[in-house]
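Source file: model30.json; contents: JSON, C-alpha atoms.
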```
[["chain", "number", "residue", "atom", "x", "y", "z"],
["T", 122, "MET", "CA", 41.37, 196.69, 48.95],
["T", 123, "SER", "CA", 37.74, 196.58, 47.82],
["T", 124, "PHE", "CA", 35.12, 198.40, 49.87],
["T", 125, "ILE", "CA", 33.49, 195.12, 50.83],
["T", 126, "ARG", "CA", 36.67, 193.71, 52.37],
["T", 127, "ASP", "CA", 37.10, 196.79, 54.54],
["T", 128, "GLU", "CA", 33.44, 196.66, 55.57],
["T", 129, "ILE", "CA", 33.67, 192.98, 56.48],
["T", 130, "ASP", "CA", 36.69, 193.72, 58.66],
["T", 131, "ARG", "CA", 34.89, 196.56, 60.48],
["T", 132, "GLN", "CA", 32.13, 194.33, 61.82],
["T", 133, "PRO", "CA", 33.47, 193.43, 65.29],
["T", 134, "ALA", "CA", 33.95, 197.10, 66.23],
["T", 135, "ALA", "CA", 30.55, 198.00, 64.79],
["T", 136, "TRP", "CA", 28.82, 195.23, 66.73],
["T", 137, "ARG", "CA", 30.29, 196.56, 69.97],
["T", 138, "GLU", "CA", 29.08, 200.05, 69.14],
["T", 139, "ALA", "CA", 25.66, 198.66, 68.23],
["T", 140, "GLY", "CA", 25.38, 197.27, 71.75],
["T", 141, "SER", "CA", 25.83, 200.75, 73.19],
["T", 142, "VAL", "CA", 23.41, 202.27, 70.68],
["T", 143, "ALA", "CA", 20.73, 199.70, 71.49],
["T", 144, "ALA", "CA", 21.07, 200.36, 75.22],
["T", 145, "ALA", "CA", 20.38, 204.06, 74.65],
["T", 146, "ALA", "CA", 17.77, 203.72, 71.89],
["T", 147, "GLY", "CA", 14.10, 204.21, 72.45],
["T", 148, "GLY", "CA", 11.26, 202.59, 70.58],
["T", 149, "LEU", "CA", 12.58, 199.05, 70.28],
["T", 150, "PRO", "CA", 10.19, 196.22, 71.15],
["T", 151, "GLU", "CA", 9.28, 195.55, 74.76],
["T", 152, "PRO", "CA", 8.73, 192.03, 76.13],
["T", 153, "GLY", "CA", 5.21, 190.82, 75.51],
["T", 154, "GLU", "CA", 4.52, 193.03, 72.51],
["T", 155, "ARG", "CA", 3.27, 191.57, 69.25],
["T", 156, "VAL", "CA", 5.82, 192.79, 66.71],
["T", 157, "ALA", "CA", 6.32, 192.81, 62.94],
["T", 158, "VAL", "CA", 9.82, 193.26, 61.53],
["T", 159, "ILE", "CA", 10.10, 194.39, 57.93],
["T", 160, "GLY", "CA", 12.77, 194.84, 55.28],
["T", 161, "CYS", "CA", 13.73, 194.11, 51.69],
["T", 162, "GLY", "CA", 16.45, 191.75, 50.50],
["T", 163, "THR", "CA", 19.19, 191.43, 53.09],
["T", 164, "SER", "CA", 17.18, 193.47, 55.60],
["T", 165, "TRP", "CA", 14.30, 191.02, 55.28],
["T", 166, "PHE", "CA", 16.60, 188.12, 56.13],
["T", 167, "MET", "CA", 17.95, 189.99, 59.17],
["T", 168, "ALA", "CA", 14.34, 190.60, 60.17],
["T", 169, "GLU", "CA", 13.65, 186.87, 59.97],
["T", 170, "ALA", "CA", 16.68, 186.07, 62.13],
["T", 171, "TYR", "CA", 15.68, 188.63, 64.78],
["T", 172, "ALA", "CA", 12.07, 187.42, 64.79],
["T", 173, "GLY", "CA", 13.23, 183.88, 65.49],
["T", 174, "LEU", "CA", 15.57, 184.99, 68.25],
["T", 175, "ARG", "CA", 12.94, 187.16, 69.94],
["T", 176, "GLU", "CA", 10.38, 184.36, 69.99],
["T", 177, "ARG", "CA", 12.99, 181.88, 71.21],
["T", 178, "ARG", "CA", 13.62, 184.18, 74.16],
["T", 179, "GLY", "CA", 9.91, 184.23, 74.95],
["T", 180, "GLN", "CA", 9.57, 187.98, 74.41],
["T", 181, "GLY", "CA", 6.44, 187.81, 72.27],
["T", 182, "GLN", "CA", 5.05, 186.88, 68.87],
["T", 183, "THR", "CA", 7.31, 188.29, 66.19],
["T", 184, "ASP", "CA", 6.63, 188.07, 62.47],
["T", 185, "ALA", "CA", 9.02, 188.98, 59.65],
["T", 186, "PHE", "CA", 7.87, 190.24, 56.25],
["T", 187, "ALA", "CA", 9.23, 191.49, 52.99],
["T", 188, "ALA", "CA", 7.87, 195.03, 52.84],
["T", 189, "SER", "CA", 5.87, 194.33, 49.69],
["T", 190, "GLU", "CA", 4.09, 191.41, 51.41],
["T", 191, "PHE", "CA", 3.12, 193.03, 54.70],
["T", 192, "PRO", "CA", -0.50, 192.17, 55.65],
["T", 193, "HIS", "CA", -2.02, 195.58, 56.32],
["T", 194, "ASP", "CA", -5.18, 194.04, 57.77],
["T", 195, "ARG", "CA", -3.19, 192.56, 60.66],
["T", 196, "ASP", "CA", -2.63, 194.46, 63.92],
["T", 197, "TYR", "CA", 0.69, 194.69, 65.77],
["T", 198, "ASP", "CA", 1.82, 196.50, 68.89],
["T", 199, "ARG", "CA", 4.95, 197.75, 67.12],
["T", 200, "LEU", "CA", 6.56, 197.76, 63.68],
["T", 201, "VAL", "CA", 10.33, 197.56, 63.24],
["T", 202, "VAL", "CA", 11.72, 198.39, 59.79],
["T", 203, "ILE", "CA", 15.28, 197.92, 58.57],
["T", 204, "SER", "CA", 16.62, 199.97, 55.66],
["T", 205, "ARG", "CA", 20.31, 200.70, 55.13],
["T", 206, "SER", "CA", 19.75, 203.60, 52.72],
["T", 207, "GLY", "CA", 16.48, 204.84, 54.18],
["T", 208, "THR", "CA", 15.19, 205.24, 50.62],
["T", 209, "THR", "CA", 13.74, 201.80, 49.82],
["T", 210, "THR", "CA", 10.42, 202.51, 48.15],
["T", 211, "GLU", "CA", 8.43, 199.57, 49.51],
["T", 212, "VAL", "CA", 9.47, 200.31, 53.11],
["T", 213, "ALA", "CA", 8.71, 204.03, 52.85],
["T", 214, "GLU", "CA", 5.32, 203.30, 51.29],
["T", 215, "LEU", "CA", 4.49, 200.78, 54.00],
["T", 216, "LEU", "CA", 5.17, 203.32, 56.74],
["T", 217, "GLY", "CA", 3.09, 205.92, 54.93],
["T", 218, "ARG", "CA", 0.17, 203.54, 54.60],
["T", 219, "HIS", "CA", 0.50, 202.30, 58.18],
["T", 220, "GLY", "CA", 0.16, 205.81, 59.56],
["T", 221, "ARG", "CA", -0.23, 205.93, 63.35],
["T", 222, "ARG", "CA", -1.90, 202.57, 63.88],
["T", 223, "SER", "CA", 0.98, 201.43, 66.08],
["T", 224, "PRO", "CA", 4.44, 202.74, 67.07],
["T", 225, "THR", "CA", 7.16, 202.36, 64.42],
["T", 226, "VAL", "CA", 10.95, 202.33, 64.66],
["T", 227, "ALA", "CA", 13.45, 202.38, 61.81],
["T", 228, "LEU", "CA", 17.02, 201.06, 61.85],
["T", 229, "THR", "CA", 19.00, 202.88, 59.16],
["T", 230, "ALA", "CA", 22.46, 204.08, 58.20],
["T", 231, "VAL", "CA", 21.17, 207.33, 56.67],
["T", 232, "PRO", "CA", 18.96, 209.44, 58.96],
["T", 233, "GLY", "CA", 16.95, 212.18, 57.31],
["T", 234, "THR", "CA", 15.83, 210.00, 54.40],
["T", 235, "PRO", "CA", 12.21, 209.00, 53.68],
["T", 236, "VAL", "CA", 12.10, 205.81, 55.78],
["T", 237, "PRO", "CA", 13.34, 207.25, 59.09],
["T", 238, "ALA", "CA", 11.38, 210.45, 58.42],
["T", 239, "ALA", "CA", 8.19, 208.38, 58.33],
["T", 240, "ALA", "CA", 8.98, 206.38, 61.50],
["T", 241, "ASP", "CA", 8.18, 207.42, 65.06],
["T", 242, "ARG", "CA", 11.66, 206.55, 66.33],
["T", 243, "VAL", "CA", 15.03, 206.00, 64.65],
["T", 244, "VAL", "CA", 18.00, 203.82, 65.59],
["T", 245, "ASP", "CA", 20.92, 205.63, 63.95],
["T", 246, "LEU", "CA", 23.48, 203.14, 62.63],
["T", 247, "SER", "CA", 25.29, 205.63, 60.39],
["T", 248, "PHE", "CA", 28.62, 204.41, 61.81],
["T", 249, "ALA", "CA", 27.88, 201.15, 59.91],
["T", 250, "ASP", "CA", 27.10, 202.71, 56.54],
["T", 251, "GLU", "CA", 28.73, 201.15, 53.49],
["T", 252, "ARG", "CA", 30.08, 202.10, 50.09],
["T", 253, "SER", "CA", 29.71, 198.63, 48.59],
["T", 254, "VAL", "CA", 26.39, 197.79, 46.98],
["T", 255, "VAL", "CA", 26.58, 194.36, 48.64],
["T", 256, "GLN", "CA", 25.54, 194.57, 52.29],
["T", 257, "THR", "CA", 27.73, 193.05, 54.98],
["T", 258, "LEU", "CA", 28.54, 195.54, 57.74],
["T", 259, "PHE", "CA", 25.17, 197.27, 58.05],
["T", 260, "ALA", "CA", 23.14, 194.07, 57.99],
["T", 261, "THR", "CA", 24.99, 192.34, 60.79],
["T", 262, "THR", "CA", 25.26, 195.56, 62.80],
["T", 263, "ALA", "CA", 21.48, 196.01, 62.64],
["T", 264, "LEU", "CA", 21.07, 192.42, 63.83],
["T", 265, "ALA", "CA", 23.64, 193.04, 66.59],
["T", 266, "ALA", "CA", 21.68, 196.07, 67.80],
["T", 267, "LEU", "CA", 18.45, 194.08, 67.88],
["T", 268, "ARG", "CA", 20.15, 191.18, 69.65],
["T", 269, "ALA", "CA", 21.63, 193.54, 72.21],
["T", 270, "ALA", "CA", 18.12, 194.86, 72.89],
["T", 271, "LEU", "CA", 17.12, 191.27, 73.66],
["T", 272, "GLY", "CA", 19.89, 191.08, 76.25],
["T", 273, "GLU", "CA", 22.24, 188.94, 74.17],
["T", 274, "PRO", "CA", 26.06, 189.16, 74.62],
["T", 275, "VAL", "CA", 27.05, 191.17, 71.56],
["T", 276, "ALA", "CA", 30.58, 191.86, 72.87],
["T", 277, "ALA", "CA", 31.27, 188.12, 72.97],
["T", 278, "LEU", "CA", 30.02, 187.80, 69.38],
["T", 279, "ALA", "CA", 32.41, 190.56, 68.35],
["T", 280, "ASP", "CA", 35.33, 188.76, 70.00],
["T", 281, "ALA", "CA", 34.49, 185.57, 68.12],
["T", 282, "ALA", "CA", 34.15, 187.52, 64.87],
["T", 283, "GLU", "CA", 37.70, 188.81, 65.20],
["T", 284, "SER", "CA", 38.98, 185.23, 65.31],
["T", 285, "VAL", "CA", 36.98, 184.26, 62.21],
["T", 286, "LEU", "CA", 38.36, 187.23, 60.28],
["T", 287, "ALA", "CA", 41.90, 185.91, 60.83],
["T", 288, "GLU", "CA", 41.23, 182.40, 59.45],
["T", 289, "PRO", "CA", 42.37, 181.25, 56.00],
["T", 290, "LEU", "CA", 39.67, 180.23, 53.52],
["T", 291, "PRO", "CA", 40.00, 176.55, 52.51],
["T", 292, "GLU", "CA", 40.55, 175.92, 48.80],
["T", 293, "GLU", "CA", 37.59, 173.50, 48.77],
["T", 294, "TRP", "CA", 35.34, 176.45, 49.55],
["T", 295, "THR", "CA", 36.69, 178.86, 46.97],
["T", 296, "ALA", "CA", 36.62, 176.14, 44.29],
["T", 297, "ALA", "CA", 33.06, 174.94, 44.99],
["T", 298, "GLU", "CA", 30.76, 175.12, 41.96],
["T", 299, "GLN", "CA", 27.57, 175.25, 44.06],
["T", 300, "ILE", "CA", 26.66, 175.86, 47.70],
["T", 301, "THR", "CA", 23.50, 175.09, 49.66],
["T", 302, "PHE", "CA", 23.07, 176.88, 52.99],
["T", 303, "LEU", "CA", 21.00, 175.42, 55.83],
["T", 304, "GLY", "CA", 19.86, 176.64, 59.23],
["T", 305, "ARG", "CA", 17.32, 175.80, 61.92],
["T", 306, "GLY", "CA", 15.09, 178.35, 63.63],
["T", 307, "TRP", "CA", 16.51, 181.86, 63.49],
["T", 308, "ALA", "CA", 19.58, 180.58, 61.62],
["T", 309, "HIS", "CA", 17.42, 180.00, 58.54],
["T", 310, "GLY", "CA", 17.38, 183.79, 58.04],
["T", 311, "VAL", "CA", 21.18, 183.75, 58.18],
["T", 312, "ALA", "CA", 21.26, 180.90, 55.65],
["T", 313, "ARG", "CA", 19.10, 182.89, 53.24],
["T", 314, "GLU", "CA", 21.38, 185.89, 53.63],
["T", 315, "ALA", "CA", 24.46, 183.74, 53.00],
["T", 316, "ALA", "CA", 22.97, 182.42, 49.78],
["T", 317, "LEU", "CA", 22.11, 185.96, 48.66],
["T", 318, "LYS", "CA", 25.65, 187.19, 49.36],
["T", 319, "MET", "CA", 27.16, 184.51, 47.14],
["T", 320, "ARG", "CA", 24.64, 185.12, 44.36],
["T", 321, "GLU", "CA", 25.13, 188.89, 44.41],
["T", 322, "ALA", "CA", 28.91, 188.95, 44.56],
["T", 323, "THR", "CA", 29.86, 185.86, 42.55],
["T", 324, "GLN", "CA", 26.90, 185.25, 40.21],
["T", 325, "GLY", "CA", 27.02, 181.75, 41.65],
["T", 326, "TRP", "CA", 24.40, 179.04, 42.07],
["T", 327, "THR", "CA", 23.33, 178.99, 45.71],
["T", 328, "GLU", "CA", 20.25, 177.77, 47.54],
["T", 329, "SER", "CA", 19.00, 177.94, 51.13],
["T", 330, "TYR", "CA", 16.56, 175.86, 53.17],
["T", 331, "PRO", "CA", 15.49, 175.10, 56.73],
["T", 332, "SER", "CA", 17.79, 172.31, 57.86],
["T", 333, "MET", "CA", 15.17, 169.59, 58.18],
["T", 334, "GLU", "CA", 13.76, 170.38, 54.73],
["T", 335, "TYR", "CA", 17.04, 169.50, 53.05],
["T", 336, "ARG", "CA", 16.23, 165.80, 52.89],
["T", 337, "HIS", "CA", 12.90, 166.56, 51.21],
["T", 338, "GLY", "CA", 14.31, 167.13, 47.73],
["T", 339, "PRO", "CA", 17.19, 169.63, 47.78],
["T", 340, "ILE", "CA", 19.75, 166.95, 48.65],
["T", 341, "ALA", "CA", 19.31, 165.70, 45.08],
["T", 342, "ILE", "CA", 21.76, 168.34, 43.80],
["T", 343, "ALA", "CA", 24.54, 167.44, 46.25],
["T", 344, "ALA", "CA", 27.60, 166.17, 44.36],
["T", 345, "PRO", "CA", 31.39, 166.21, 44.43],
["T", 346, "GLY", "CA", 32.75, 169.73, 44.14],
["T", 347, "ARG", "CA", 29.73, 171.24, 45.91],
["T", 348, "LEU", "CA", 29.21, 172.42, 49.50],
["T", 349, "VAL", "CA", 26.42, 171.93, 52.01],
["T", 350, "TRP", "CA", 26.92, 174.63, 54.64],
["T", 351, "HIS", "CA", 25.01, 174.28, 57.91],
["T", 352, "PHE", "CA", 24.79, 177.28, 60.25],
["T", 353, "GLY", "CA", 25.34, 175.94, 63.74],
["T", 354, "PRO", "CA", 26.50, 172.44, 64.66],
["T", 355, "ASP", "CA", 24.66, 169.64, 62.85],
["T", 356, "ALA", "CA", 22.41, 168.06, 65.47],
["T", 357, "ASP", "CA", 20.23, 166.15, 63.01],
["T", 358, "GLY", "CA", 22.60, 163.73, 61.31],
["T", 359, "LEU", "CA", 22.64, 165.63, 58.04],
["T", 360, "ARG", "CA", 26.37, 165.09, 57.61],
["T", 361, "GLU", "CA", 25.84, 161.35, 57.32],
["T", 362, "ASP", "CA", 23.15, 161.81, 54.67],
["T", 363, "VAL", "CA", 25.38, 164.15, 52.67],
["T", 364, "ARG", "CA", 28.48, 161.94, 52.89],
["T", 365, "PRO", "CA", 27.46, 159.45, 50.13],
["T", 366, "THR", "CA", 26.79, 162.33, 47.70],
["T", 367, "GLY", "CA", 30.43, 163.40, 47.64],
["T", 368, "ALA", "CA", 29.54, 166.99, 48.59],
["T", 369, "LEU", "CA", 31.57, 168.64, 51.35],
["T", 370, "PHE", "CA", 29.55, 169.23, 54.53],
["T", 371, "VAL", "CA", 30.52, 172.33, 56.54],
["T", 372, "ASP", "CA", 29.30, 173.14, 60.02],
["T", 373, "ASN", "CA", 31.06, 175.40, 62.48],
["T", 374, "ALA", "CA", 30.72, 175.78, 66.23],
["T", 375, "GLU", "CA", 30.30, 179.55, 66.28],
["T", 376, "ASP", "CA", 27.08, 181.52, 66.48],
["T", 377, "PRO", "CA", 25.49, 181.70, 63.00],
["T", 378, "GLN", "CA", 25.96, 185.49, 62.84],
["T", 379, "VAL", "CA", 29.68, 184.99, 63.40],
["T", 380, "ASP", "CA", 29.82, 182.14, 60.89],
["T", 381, "LEU", "CA", 28.16, 184.41, 58.31],
["T", 382, "ILE", "CA", 31.40, 186.41, 58.20],
["T", 383, "ARG", "CA", 33.11, 183.37, 56.68],
["T", 384, "VAL", "CA", 30.57, 183.43, 53.85],
["T", 385, "GLN", "CA", 31.00, 187.17, 53.35],
["T", 386, "ARG", "CA", 34.75, 186.67, 53.03],
["T", 387, "LEU", "CA", 34.19, 183.74, 50.70],
["T", 388, "ALA", "CA", 31.89, 185.82, 48.48],
["T", 389, "ALA", "CA", 34.49, 188.56, 48.15],
["T", 390, "ALA", "CA", 37.29, 186.09, 47.45],
["T", 391, "VAL", "CA", 35.38, 184.08, 44.84],
["T", 392, "ALA", "CA", 34.21, 187.25, 43.08],
["T", 393, "GLU", "CA", 37.78, 188.39, 42.70],
["T", 394, "LEU", "CA", 38.90, 184.95, 41.50],
["T", 395, "ARG", "CA", 36.23, 185.18, 38.80],
["T", 396, "GLY", "CA", 37.30, 188.67, 37.75],
["T", 397, "LEU", "CA", 34.16, 190.29, 39.19],
["T", 398, "ASP", "CA", 33.87, 193.47, 41.25],
["T", 399, "PRO", "CA", 32.16, 192.45, 44.51],
["T", 400, "ASP", "CA", 31.33, 196.08, 45.26],
["T", 401, "ARG", "CA", 29.31, 196.51, 42.05],
["T", 402, "PRO", "CA", 27.35, 193.35, 41.24],
["T", 403, "ARG", "CA", 25.55, 193.33, 37.94],
["T", 404, "HIS", "CA", 22.00, 194.69, 37.72],
["T", 405, "LEU", "CA", 22.07, 195.91, 41.36],
["T", 406, "THR", "CA", 22.10, 199.32, 42.99],
["T", 407, "ARG", "CA", 22.61, 200.40, 46.58],
["T", 408, "SER", "CA", 18.89, 201.00, 47.05],
["T", 409, "VAL", "CA", 15.77, 200.06, 45.09],
["T", 410, "VAL", "CA", 13.83, 203.26, 44.46],
["T", 411, "LEU", "CA", 10.81, 202.70, 42.25],
["T", 412, "ASN", "CA", 9.30, 205.26, 39.93],
["T", 413, "ALA", "CA", 5.88, 206.53, 40.92]]
```
Full structure transcribed into structure tokens:
Amino acid sequence: MSFIRDEIDRQPAAWREAGSVAAAAGGLPEPGERVAVIGCGTSWFMAEAYAGLRERRGQGQTDAFAASEFPHDRDYDRLVVISRSGTTTEVAELLGRHGRRSPTVALTAVPGTPVPAAADRVVDLSFADERSVVQTLFATTALAALRAALGEPVAALADAAESVLAEPLPEEWTAAEQITFLGRGWAHGVAREAALKMREATQGWTESYPSMEYRHGPIAIAAPGRLVWHFGPDADGLREDVRPTGALFVDNAEDPQVDLIRVQRLAAAVAELRGLDPDRPRHLTRSVVLNA
């Protein structure tokens, strides 16, 4: 078994543990605070999902940024950074430049590294560390911890995830030559992460968009043998627009974070069908550490 398959399977248990960790953690955002959430790659997309969820719950303005694009002239009550390895150069540099302007908290799988060392508080998710270069377990566990801090039912998400792990993958999915992922609100961050997982593991052509933007151009590439995957039930009639293209429209009833597990499993399966190692995608390393 590849590392990634084991890490995908460990998610329900990790999400439950993340709920307990979040309940005991200090330094996570309080209702009413103006918050920035920061990461790189997968962590950035988890930041976007959390930001959308926090605002939807009315807990305060929440912005998500790639670390390299953080606006240092903007003031926040708290900064939340996500870094699996704790060594990502852009995140560490951001914390160093930010100094003590506002409280900072880091979610990481490797305490004692530069990112958590530079933060005021640390949420230790080392139980969700990974050996695969491609992130699955840590990313969703970080999101589970943040959702638990918002008061969301993480245990119920874990139960649903166990059911999804037991499902077969339809042949139409594994054979698809192209996939476009869609999501509304916070689910757009999940859609971006899904597209990244397929690109990293399978070297495949994937795209992602906010759901209502799909009609504004991207639908032009829909065709037989391709998928349009919508996170969350389609409430906007997109299925009917996709039907004449011949593409297969997929939308599932589960929470988008749970549905993301299907895409993770699909990425691992398609990589193996193509003779690729999903644990070691080309040109990628576990952490991006830039030379000074």
*Pick from T:Ala308, T:Ala287, T:Val236, T:Val158: nearest to T:Leu267, with all atoms listed in the file counted?*
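Nearest candidate to T:Leu267 out of T:Ala308, T:Ala287, T:Val236, T:Val158: T:Val158.
Between T:Gln256 and the candidates T:Asp372, T:Asp357, T:Glu292, T:Asp127, the tightest atom-to-atom separation, counting all atoms listed in the file, involves T:Asp127.
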_Residues within 8 Å of T:Arg386, please, as a PyMOL selection string. Count all atoms listed in the file; anything in the same chain fewer than 3 positions from it doesn't count._
chain T and resi 126+129+382-383+389-390
Pull the neighbourhood of (14.0, 206.0, 68.0) for me: all residues within 8 Å in file coordinates, counting only C-alpha atoms, as a PDB file with C-alpha atoms, in the coordinates of the input.
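And here is the file that came out, part02.pdb:
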```pdb
ATOM      1  CA  ALA T 146      17.770 203.720  71.890  1.00  0.00           C
ATOM      2  CA  GLY T 147      14.100 204.210  72.450  1.00  0.00           C
ATOM      3  CA  GLY T 148      11.260 202.590  70.580  1.00  0.00           C
ATOM      4  CA  LEU T 149      12.580 199.050  70.280  1.00  0.00           C
ATOM      5  CA  VAL T 226      10.950 202.330  64.660  1.00  0.00           C
ATOM      6  CA  ALA T 227      13.450 202.380  61.810  1.00  0.00           C
ATOM      7  CA  ASP T 241       8.180 207.420  65.060  1.00  0.00           C
ATOM      8  CA  ARG T 242      11.660 206.550  66.330  1.00  0.00           C
ATOM      9  CA  VAL T 243      15.030 206.000  64.650  1.00  0.00           C
ATOM     10  CA  VAL T 244      18.000 203.820  65.590  1.00  0.00           C
TER      11      VAL T 244
END
```
*With a distance cut-off of 10 Å and only C-alpha atoms, select the neighbouring residues of T:Ala260, excluding the residue or stretch itself and same-chain residues fewer than 3 positions from it, and output the selection as a list in words.*
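Contacts, with the query itself left out: Gln132, Thr163, Ser164, Trp165, Phe166, Met167, Ala168, Ile203, Ser204, Arg205, Thr229, Ala249, Asp250, Val255, Gln256, Thr257, Ala263, Leu264, Ala265 and Glu314 of chain T.
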Requested write-out: C-alpha atoms of the selected residues, as a PDB file, keeping the file's coordinate frame:
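So the final result, stored in part31.pdb, reads:
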```pdb
ATOM      1  CA  GLN T 132      32.130 194.330  61.820  1.00  0.00           C
ATOM      2  CA  THR T 163      19.190 191.430  53.090  1.00  0.00           C
ATOM      3  CA  SER T 164      17.180 193.470  55.600  1.00  0.00           C
ATOM      4  CA  TRP T 165      14.300 191.020  55.280  1.00  0.00           C
ATOM      5  CA  PHE T 166      16.600 188.120  56.130  1.00  0.00           C
ATOM      6  CA  MET T 167      17.950 189.990  59.170  1.00  0.00           C
ATOM      7  CA  ALA T 168      14.340 190.600  60.170  1.00  0.00           C
ATOM      8  CA  ILE T 203      15.280 197.920  58.570  1.00  0.00           C
ATOM      9  CA  SER T 204      16.620 199.970  55.660  1.00  0.00           C
ATOM     10  CA  ARG T 205      20.310 200.700  55.130  1.00  0.00           C
ATOM     11  CA  THR T 229      19.000 202.880  59.160  1.00  0.00           C
ATOM     12  CA  ALA T 249      27.880 201.150  59.910  1.00  0.00           C
ATOM     13  CA  ASP T 250      27.100 202.710  56.540  1.00  0.00           C
ATOM     14  CA  VAL T 255      26.580 194.360  48.640  1.00  0.00           C
ATOM     15  CA  GLN T 256      25.540 194.570  52.290  1.00  0.00           C
ATOM     16  CA  THR T 257      27.730 193.050  54.980  1.00  0.00           C
ATOM     17  CA  ALA T 263      21.480 196.010  62.640  1.00  0.00           C
ATOM     18  CA  LEU T 264      21.070 192.420  63.830  1.00  0.00           C
ATOM     19  CA  ALA T 265      23.640 193.040  66.590  1.00  0.00           C
ATOM     20  CA  GLU T 314      21.380 185.890  53.630  1.00  0.00           C
TER      21      GLU T 314
END
```
*Minimum-distance residue to T:Arg313, chosen among T:Asp380, T:Glu169, T:Glu211, T:Asp194 (using only C-alpha atoms)*: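 Using only C-alpha atoms, the shortest distance to T:Arg313 belongs to T:Glu169.
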*Would you list the contacts of T:Pro377 as a list in words, taking every protein, DNA or RNA residue within 7 Å and counting only C-alpha atoms, but skipping same-chain residues closer than 4 positions in sequence?*
Ala308, Val311, Phe352, Gly353 and Leu381 of chain T
Could you write out that same residue set with C-alpha atoms as a short mmCIF file (atom, residue, chain, number, x, y, z; two decimals), in the frame of the given file?
```cif
data_model
loop_
_atom_site.label_atom_id
_atom_site.label_comp_id
_atom_site.auth_asym_id
_atom_site.auth_seq_id
_atom_site.Cartn_x
_atom_site.Cartn_y
_atom_site.Cartn_z
CA ALA T 308 19.58 180.58 61.62
CA VAL T 311 21.18 183.75 58.18
CA PHE T 352 24.79 177.28 60.25
CA GLY T 353 25.34 175.94 63.74
CA LEU T 381 28.16 184.41 58.31
#
```
*Can you pull out every residue within 10 Å of stretch 396-407 of chain T, counting only C-alpha atoms, but drop anything in the same chain fewer than 4 positions away, and send it as a PyMOL selection string?*
chain T and resi 123-126+205-206+208-209+251-256+318-324+388-392
